[in-house]
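As stored in start10.cif (mmCIF, C-alpha atoms):
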```cif
data_final
loop_
_atom_site.label_atom_id
_atom_site.label_comp_id
_atom_site.auth_asym_id
_atom_site.auth_seq_id
_atom_site.Cartn_x
_atom_site.Cartn_y
_atom_site.Cartn_z
CA LYS A 204 16.93 -5.29 -10.28
CA ALA A 205 16.70 -5.12 -6.50
CA GLY A 206 13.32 -4.31 -5.00
CA VAL A 207 12.45 -1.86 -2.25
CA THR A 208 14.50 -2.65 0.84
CA GLN A 209 13.31 -1.81 4.32
CA THR A 210 15.38 -2.17 7.45
CA PRO A 211 15.07 -3.43 10.05
CA ARG A 212 12.40 -6.08 9.45
CA TYR A 213 11.39 -6.32 13.09
CA LEU A 214 11.79 -3.93 15.97
CA ILE A 215 10.73 -3.99 19.60
CA LYS A 216 10.70 -0.75 21.58
CA THR A 217 9.21 0.53 24.81
CA ARG A 218 6.92 3.49 25.35
CA GLY A 219 8.66 6.85 25.26
CA GLN A 220 11.55 5.71 23.08
CA GLN A 221 12.14 6.85 19.54
CA VAL A 222 12.76 4.81 16.41
CA THR A 223 14.17 5.32 12.92
CA LEU A 224 13.16 3.15 9.99
CA SER A 225 14.98 3.05 6.68
CA CYS A 226 13.81 2.55 3.10
CA SER A 227 15.96 2.13 -0.01
CA PRO A 228 13.87 2.49 -3.18
CA ILE A 229 14.27 0.66 -6.44
CA SER A 230 17.17 2.10 -8.41
CA GLY A 231 15.97 5.09 -10.45
CA HIS A 232 12.84 5.64 -8.37
CA ARG A 233 12.66 9.13 -6.92
CA SER A 234 9.32 9.02 -5.12
CA VAL A 235 9.14 7.31 -1.73
CA SER A 236 5.96 6.98 0.31
CA TRP A 237 5.35 5.63 3.80
CA TYR A 238 2.26 3.87 5.12
CA GLN A 239 1.18 2.53 8.48
CA GLN A 240 -0.87 -0.67 8.60
CA THR A 241 -2.81 -1.70 11.70
CA PRO A 242 -5.68 -4.18 12.13
CA GLY A 243 -8.02 -1.41 13.28
CA GLN A 244 -7.22 1.41 10.85
CA GLY A 245 -5.95 -0.51 7.84
CA LEU A 246 -3.41 1.07 5.53
CA GLN A 247 -2.94 4.79 6.14
CA PHE A 248 -0.72 7.23 4.28
CA LEU A 249 2.00 8.90 6.34
CA PHE A 250 3.98 11.02 3.89
CA GLU A 251 5.57 11.11 0.44
CA TYR A 252 8.94 12.46 -0.64
CA PHE A 253 10.18 13.36 -4.09
CA SER A 254 13.63 14.80 -4.76
CA GLU A 255 14.21 15.35 -1.04
CA THR A 256 10.99 17.37 -0.66
CA GLN A 257 7.93 16.30 1.28
CA ARG A 258 5.04 16.77 -1.12
CA ASN A 259 2.24 15.24 0.89
CA LYS A 260 1.49 14.40 4.49
CA GLY A 261 -1.21 12.29 6.09
CA ASN A 262 -3.13 12.94 9.29
CA PHE A 263 -0.56 11.82 11.81
CA PRO A 264 0.83 13.74 14.80
CA GLY A 265 4.11 15.61 14.60
CA ARG A 266 5.85 12.72 16.36
CA PHE A 267 5.99 11.11 12.94
CA SER A 268 8.58 12.67 10.66
CA GLY A 269 10.65 11.70 7.68
CA ARG A 270 13.27 12.78 5.25
CA GLN A 271 14.76 11.81 1.94
CA PHE A 272 18.39 11.90 0.96
CA SER A 273 19.96 12.87 -2.35
CA ASN A 274 20.26 9.18 -3.33
CA SER A 275 16.46 8.84 -2.80
CA ARG A 276 16.82 6.69 0.29
CA SER A 277 14.33 7.69 2.95
CA GLU A 278 14.02 7.44 6.69
CA MET A 279 11.07 7.91 8.96
CA ASN A 280 11.31 8.69 12.63
CA VAL A 281 8.78 8.25 15.38
CA SER A 282 9.49 9.97 18.69
CA THR A 283 7.93 9.37 22.10
CA LEU A 284 6.54 6.02 21.08
CA GLU A 285 3.05 5.04 22.21
CA LEU A 286 1.45 1.60 22.38
CA GLY A 287 -0.79 2.56 19.46
CA ASP A 288 2.25 2.99 17.23
CA SER A 289 2.62 -0.79 17.04
CA ALA A 290 2.11 -1.51 13.37
CA LEU A 291 3.57 -2.69 10.10
CA TYR A 292 5.29 0.25 8.41
CA LEU A 293 5.47 -0.03 4.67
CA CYS A 294 7.52 1.95 2.22
CA ALA A 295 6.72 2.25 -1.48
CA SER A 296 8.70 3.68 -4.35
CA SER A 297 7.83 4.73 -7.87
CA LEU A 298 9.33 6.55 -10.81
CA ALA A 299 8.91 10.32 -11.12
CA GLY A 300 5.70 11.11 -9.29
CA GLY A 301 2.29 10.33 -10.63
CA TYR A 302 0.86 7.90 -13.17
CA GLN A 303 3.31 5.22 -12.09
CA PRO A 304 2.76 1.91 -10.31
CA GLN A 305 4.01 1.75 -6.75
CA HIS A 306 6.24 -1.01 -5.48
CA PHE A 307 6.27 -1.87 -1.80
CA GLY A 308 8.98 -3.19 0.46
CA ASP A 309 8.43 -6.06 2.89
CA GLY A 310 7.84 -3.64 5.75
CA THR A 311 9.13 -3.10 9.26
CA ARG A 312 7.04 -4.64 12.00
CA LEU A 313 7.26 -2.38 15.05
CA SER A 314 6.08 -3.60 18.44
CA ILE A 315 5.80 -1.28 21.42
CA LEU A 316 5.90 -2.81 24.89
CA GLY B 179 -10.81 12.55 1.91
CA ILE B 180 -12.02 10.16 -0.73
CA GLN B 181 -13.89 7.04 0.38
CA VAL B 182 -12.84 3.66 -0.98
CA GLU B 183 -15.14 0.72 -0.40
CA GLN B 184 -14.33 -2.87 -1.26
CA SER B 185 -16.65 -5.82 -1.44
CA PRO B 186 -17.04 -8.49 -0.37
CA PRO B 187 -14.99 -8.19 2.82
CA ASP B 188 -14.44 -11.94 2.97
CA LEU B 189 -14.54 -14.62 0.32
CA ILE B 190 -14.02 -18.36 0.55
CA LEU B 191 -13.52 -20.29 -2.68
CA GLN B 192 -12.81 -23.81 -3.69
CA GLU B 193 -9.70 -24.20 -5.81
CA GLY B 194 -10.55 -23.73 -9.48
CA ALA B 195 -13.45 -21.34 -8.89
CA ASN B 196 -13.72 -17.83 -10.36
CA SER B 197 -14.39 -14.63 -8.42
CA THR B 198 -15.00 -10.92 -8.86
CA LEU B 199 -13.84 -8.31 -6.35
CA ARG B 200 -15.25 -4.80 -6.44
CA CYS B 201 -13.85 -1.39 -5.50
CA ASN B 202 -16.06 1.72 -5.36
CA PHE B 203 -14.63 5.19 -4.87
CA SER B 204 -16.41 8.41 -4.03
CA ASP B 205 -14.57 10.93 -6.23
CA SER B 206 -12.61 11.24 -9.46
CA VAL B 207 -9.17 9.64 -9.31
CA ASN B 208 -5.93 9.99 -11.25
CA ASN B 209 -4.48 6.64 -10.31
CA LEU B 210 -5.91 3.31 -9.21
CA GLN B 211 -3.98 0.22 -8.28
CA TRP B 212 -4.80 -3.29 -7.11
CA PHE B 213 -2.52 -5.03 -4.65
CA HIS B 214 -2.30 -8.51 -3.15
CA GLN B 215 -1.01 -8.86 0.39
CA ASN B 216 0.18 -12.40 1.04
CA PRO B 217 0.05 -14.08 4.47
CA TRP B 218 3.60 -12.84 5.18
CA GLY B 219 2.54 -9.22 4.78
CA GLN B 220 4.17 -8.57 1.42
CA LEU B 221 2.17 -6.15 -0.71
CA ILE B 222 2.44 -6.97 -4.40
CA ASN B 223 1.32 -4.63 -7.16
CA LEU B 224 -1.10 -6.47 -9.46
CA PHE B 225 -2.39 -3.72 -11.72
CA TYR B 226 -1.99 -0.03 -12.30
CA ILE B 227 -5.34 0.73 -13.95
CA PRO B 228 -6.83 4.24 -13.72
CA SER B 229 -9.16 3.30 -16.59
CA GLY B 230 -9.81 0.52 -19.08
CA THR B 231 -9.07 -3.19 -18.90
CA LYS B 232 -5.87 -5.14 -18.32
CA GLN B 233 -5.08 -8.82 -18.09
CA ASN B 234 -2.19 -10.69 -16.55
CA GLY B 235 -2.51 -14.46 -16.69
CA ARG B 236 -5.48 -15.60 -14.63
CA LEU B 237 -6.08 -12.09 -13.32
CA SER B 238 -7.73 -9.21 -15.06
CA ALA B 239 -9.02 -5.81 -13.97
CA THR B 240 -11.43 -3.25 -15.31
CA THR B 241 -11.86 0.34 -14.16
CA VAL B 242 -14.84 2.46 -15.22
CA ALA B 243 -13.64 5.84 -14.05
CA THR B 244 -16.80 7.70 -15.05
CA GLU B 245 -18.87 5.41 -12.82
CA ARG B 246 -16.23 5.32 -10.06
CA TYR B 247 -15.63 1.63 -9.71
CA SER B 248 -13.07 -1.03 -10.51
CA LEU B 249 -13.33 -4.81 -10.69
CA LEU B 250 -10.68 -7.47 -10.19
CA TYR B 251 -11.36 -10.88 -11.74
CA ILE B 252 -9.62 -14.01 -10.57
CA SER B 253 -10.14 -17.10 -12.70
CA SER B 254 -9.28 -20.72 -11.88
CA SER B 255 -8.25 -19.73 -8.37
CA GLN B 256 -5.31 -21.44 -6.67
CA THR B 257 -4.43 -21.75 -2.99
CA THR B 258 -1.56 -19.32 -3.58
CA ASP B 259 -4.15 -16.65 -4.43
CA SER B 260 -5.14 -16.54 -0.76
CA GLY B 261 -4.49 -13.31 1.06
CA VAL B 262 -5.96 -9.83 1.12
CA TYR B 263 -6.66 -7.82 -2.03
CA PHE B 264 -6.52 -4.05 -1.75
CA CYS B 265 -7.68 -1.32 -4.04
CA ALA B 266 -5.91 2.05 -3.68
CA VAL B 267 -6.63 5.39 -5.33
CA ASP B 268 -4.74 8.66 -5.72
CA VAL B 269 -6.62 11.88 -6.46
CA ASP B 270 -3.91 14.49 -6.86
CA ASN B 271 -1.15 12.55 -8.57
CA PHE B 272 1.33 12.98 -5.73
CA ASN B 273 1.29 9.33 -4.66
CA LYS B 274 -0.98 9.90 -1.68
CA PHE B 275 -2.97 6.69 -1.92
CA TYR B 276 -6.21 5.95 -0.09
CA PHE B 277 -6.66 2.24 0.51
CA GLY B 278 -9.86 0.30 0.84
CA SER B 279 -10.28 -2.08 3.74
CA GLY B 280 -9.56 -5.05 1.50
CA THR B 281 -11.14 -8.35 0.49
CA LYS B 282 -9.79 -11.33 2.40
CA LEU B 283 -9.69 -14.33 0.07
CA ASN B 284 -9.28 -17.91 1.25
CA VAL B 285 -8.88 -20.51 -1.48
CA LYS B 286 -9.34 -24.05 -0.19
CA PRO B 287 -7.79 -27.10 -1.89
#
```
Kindly transcribe the structure held in the file into structure tokens.
Amino acid sequence: KAGVTQTPRYLIKTRGQQVTLSCSPISGHRSVSWYQQTPGQGLQFLFEYFSETQRNKGNFPGRFSGRQFSNSRSEMNVSTLELGDSALYLCASSLAGGYQPQHFGDGTRLSIL
Amino acid sequence: GIQVEQSPPDLILQEGANSTLRCNFSDSVNNLQWFHQNPWGQLINLFYIPSGTKQNGRLSATTVATERYSLLYISSSQTTDSGVYFCAVDVDNFNKFYFGSGTKLNVKP
């Protein structure tokens, strides 16, 4: 069974640009969550989607957005990139929400120049 | 939000030694998981353990929900155990996990 797949693995952008990251969950998993990991702030929750609906959102500015498609694949978008957005972005999937272990992808490492 | 504190922040072990990592949380939780992040950044789920005790090979975990803490035991450590161990908790069952700052483990041969 394939794991959680995130693309691309690495990305370099400049300030002011926008970026879209993709996450394909494990087959059958309907919950997809996104996290940002930085050396200073650690792992922080961005948002969670279940059946194409955003159920939870973390404390990030509106520049960070996401969506989920009917096949459970998810994308997150960051607009007007800032230097502080440089981070490892991790996606996790699990079976129907709650009381289920989460499985993470290998992440997308985003660098802002 | 809920506070998650892990200790110790850093740990250096000789191969073959045992260790105990601790996770304290400030409120009742519905879900608690332990993860290992290897040097390449991959985050691996070790245990889903909102309460009770579980074992998987050389690793075991215990969560005492009423006292708001969880312990991860590593026995006969190996160099491949090196990395960062994270505890994460969810309070409302909607997969919004709060992570601790991690315990960085270095196992020396």
- Message: I need the contact residues of chain B against chain A, so if you could list those with any atom within 12 Å, counting only C-alpha atoms, and return them as a PyMOL selection string, that would help.
- Response: chain B and resi 179+182+207-229+262+264-281
- Message: Selection in question (the file shown): the PyMOL selection byres ((chain A and resi 215) around 7). Which residues does it include, as JSON, numbers by chain?
- Response: {"A": [213, 214, 216, 313, 314, 315]}
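The two atoms in question, atom CA of B:Ser197 and atom CA of B:Ser255, are spaced 8.0 Å apart.
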- Neighbour list for B:Asp205 as a PyMOL selection string, cut-off 9 Å, all atoms listed in the file, skip fewer than 4 positions in-chain: chain B and resi 180-181+246+269
- Coordinates-based distance that separates atom CA of B:Asn202 from atom CA of B:Ser260 (Å, one decimal):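 Separation between atom CA of B:Ser260 and atom CA of B:Asn202: 21.8 Å.
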- Message: I need the output of the PyMOL selection byres ((chain B and resi 198) around 8) for this file as a ChimeraX atom specification; which residues are they?
- Response: /B:196-197,199-200,249-252
Print the selection's residues with C-alpha atoms to a file, as a CSV table (one decimal), in the coordinates of the input.
```
chain,number,residue,atom,x,y,z
B,196,ASN,CA,-13.7,-17.8,-10.4
B,197,SER,CA,-14.4,-14.6,-8.4
B,199,LEU,CA,-13.8,-8.3,-6.4
B,200,ARG,CA,-15.2,-4.8,-6.4
B,249,LEU,CA,-13.3,-4.8,-10.7
B,250,LEU,CA,-10.7,-7.5,-10.2
B,251,TYR,CA,-11.4,-10.9,-11.7
B,252,ILE,CA,-9.6,-14.0,-10.6
```
I'd like the neighbourhood of stretch 190-195 of chain B as an mmCIF file with C-alpha atoms, keeping the file's coordinate frame, where a residue qualifies if any of its atoms comes within 7 Å (using all atoms listed in the file), though same-chain residues fewer than 4 positions away should be ignored.
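Contents of the output file part31.cif:
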```cif
data_model
loop_
_atom_site.group_PDB
_atom_site.id
_atom_site.type_symbol
_atom_site.label_atom_id
_atom_site.label_comp_id
_atom_site.auth_asym_id
_atom_site.auth_seq_id
_atom_site.Cartn_x
_atom_site.Cartn_y
_atom_site.Cartn_z
ATOM 1 C CA SER B 253 -10.140 -17.100 -12.700
ATOM 2 C CA SER B 254 -9.280 -20.720 -11.880
ATOM 3 C CA SER B 255 -8.250 -19.730 -8.370
ATOM 4 C CA GLN B 256 -5.310 -21.440 -6.670
ATOM 5 C CA THR B 257 -4.430 -21.750 -2.990
ATOM 6 C CA LEU B 283 -9.690 -14.330 0.070
ATOM 7 C CA ASN B 284 -9.280 -17.910 1.250
ATOM 8 C CA VAL B 285 -8.880 -20.510 -1.480
ATOM 9 C CA LYS B 286 -9.340 -24.050 -0.190
ATOM 10 C CA PRO B 287 -7.790 -27.100 -1.890
#
```
- Query: atom CA of A:Glu285 and atom CA of A:Thr210 are how many Å apart?
  - Reply: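 Value for the atom CA of A:Glu285-atom CA of A:Thr210 distance: 20.5 Å.
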- Message: Applying 12 Å and all atoms listed in the file, which residues near A:Ser268 remain after dropping the ones on its own chain fewer than 2 positions away? List them as an NGL selection string.
- Response: :A and (221-224 or 237 or 249-252 or 257 or 259-266 or 270-271 or 277-283)
- Given the PyMOL selection byres ((chain A and resi 226) around 6), the residues it picks as a list in words: Thr208, Gln209, Ser225, Ser227, Arg276 and Ser277 of chain A
- Task: Would you list the contacts of B:Gly230 as a list in words, taking every protein, DNA or RNA residue within 10 Å and counting only C-alpha atoms, but skipping same-chain residues closer than 2 positions in sequence?
- Result: Ile227, Pro228, Lys232, Ala239, Thr240, Thr241, Val242, Ala243 and Ser248 of chain B
At most 12 Å from (19.6, -6.4, -9.8), file frame, only C-alpha atoms: which residues, as a compact mmCIF listing (two decimals) with C-alpha atoms, in the frame of the given file?
```txt
# COMPACT_ATOMS: atom_id res chain seq x y z
CA LYS A 204 16.93 -5.29 -10.28
CA ALA A 205 16.70 -5.12 -6.50
CA GLY A 206 13.32 -4.31 -5.00
CA VAL A 207 12.45 -1.86 -2.25
CA ILE A 229 14.27 0.66 -6.44
CA SER A 230 17.17 2.10 -8.41
```
Box dimensions and centre (Å, one decimal) enclosing stretch 228-236 of chain B, axis-aligned, 5 Å extra per side, as JSON:
```
{"center_x": -6.0, "center_y": -5.7, "center_z": -16.4, "size_x": 17.6, "size_y": 29.8, "size_z": 15.4}
```
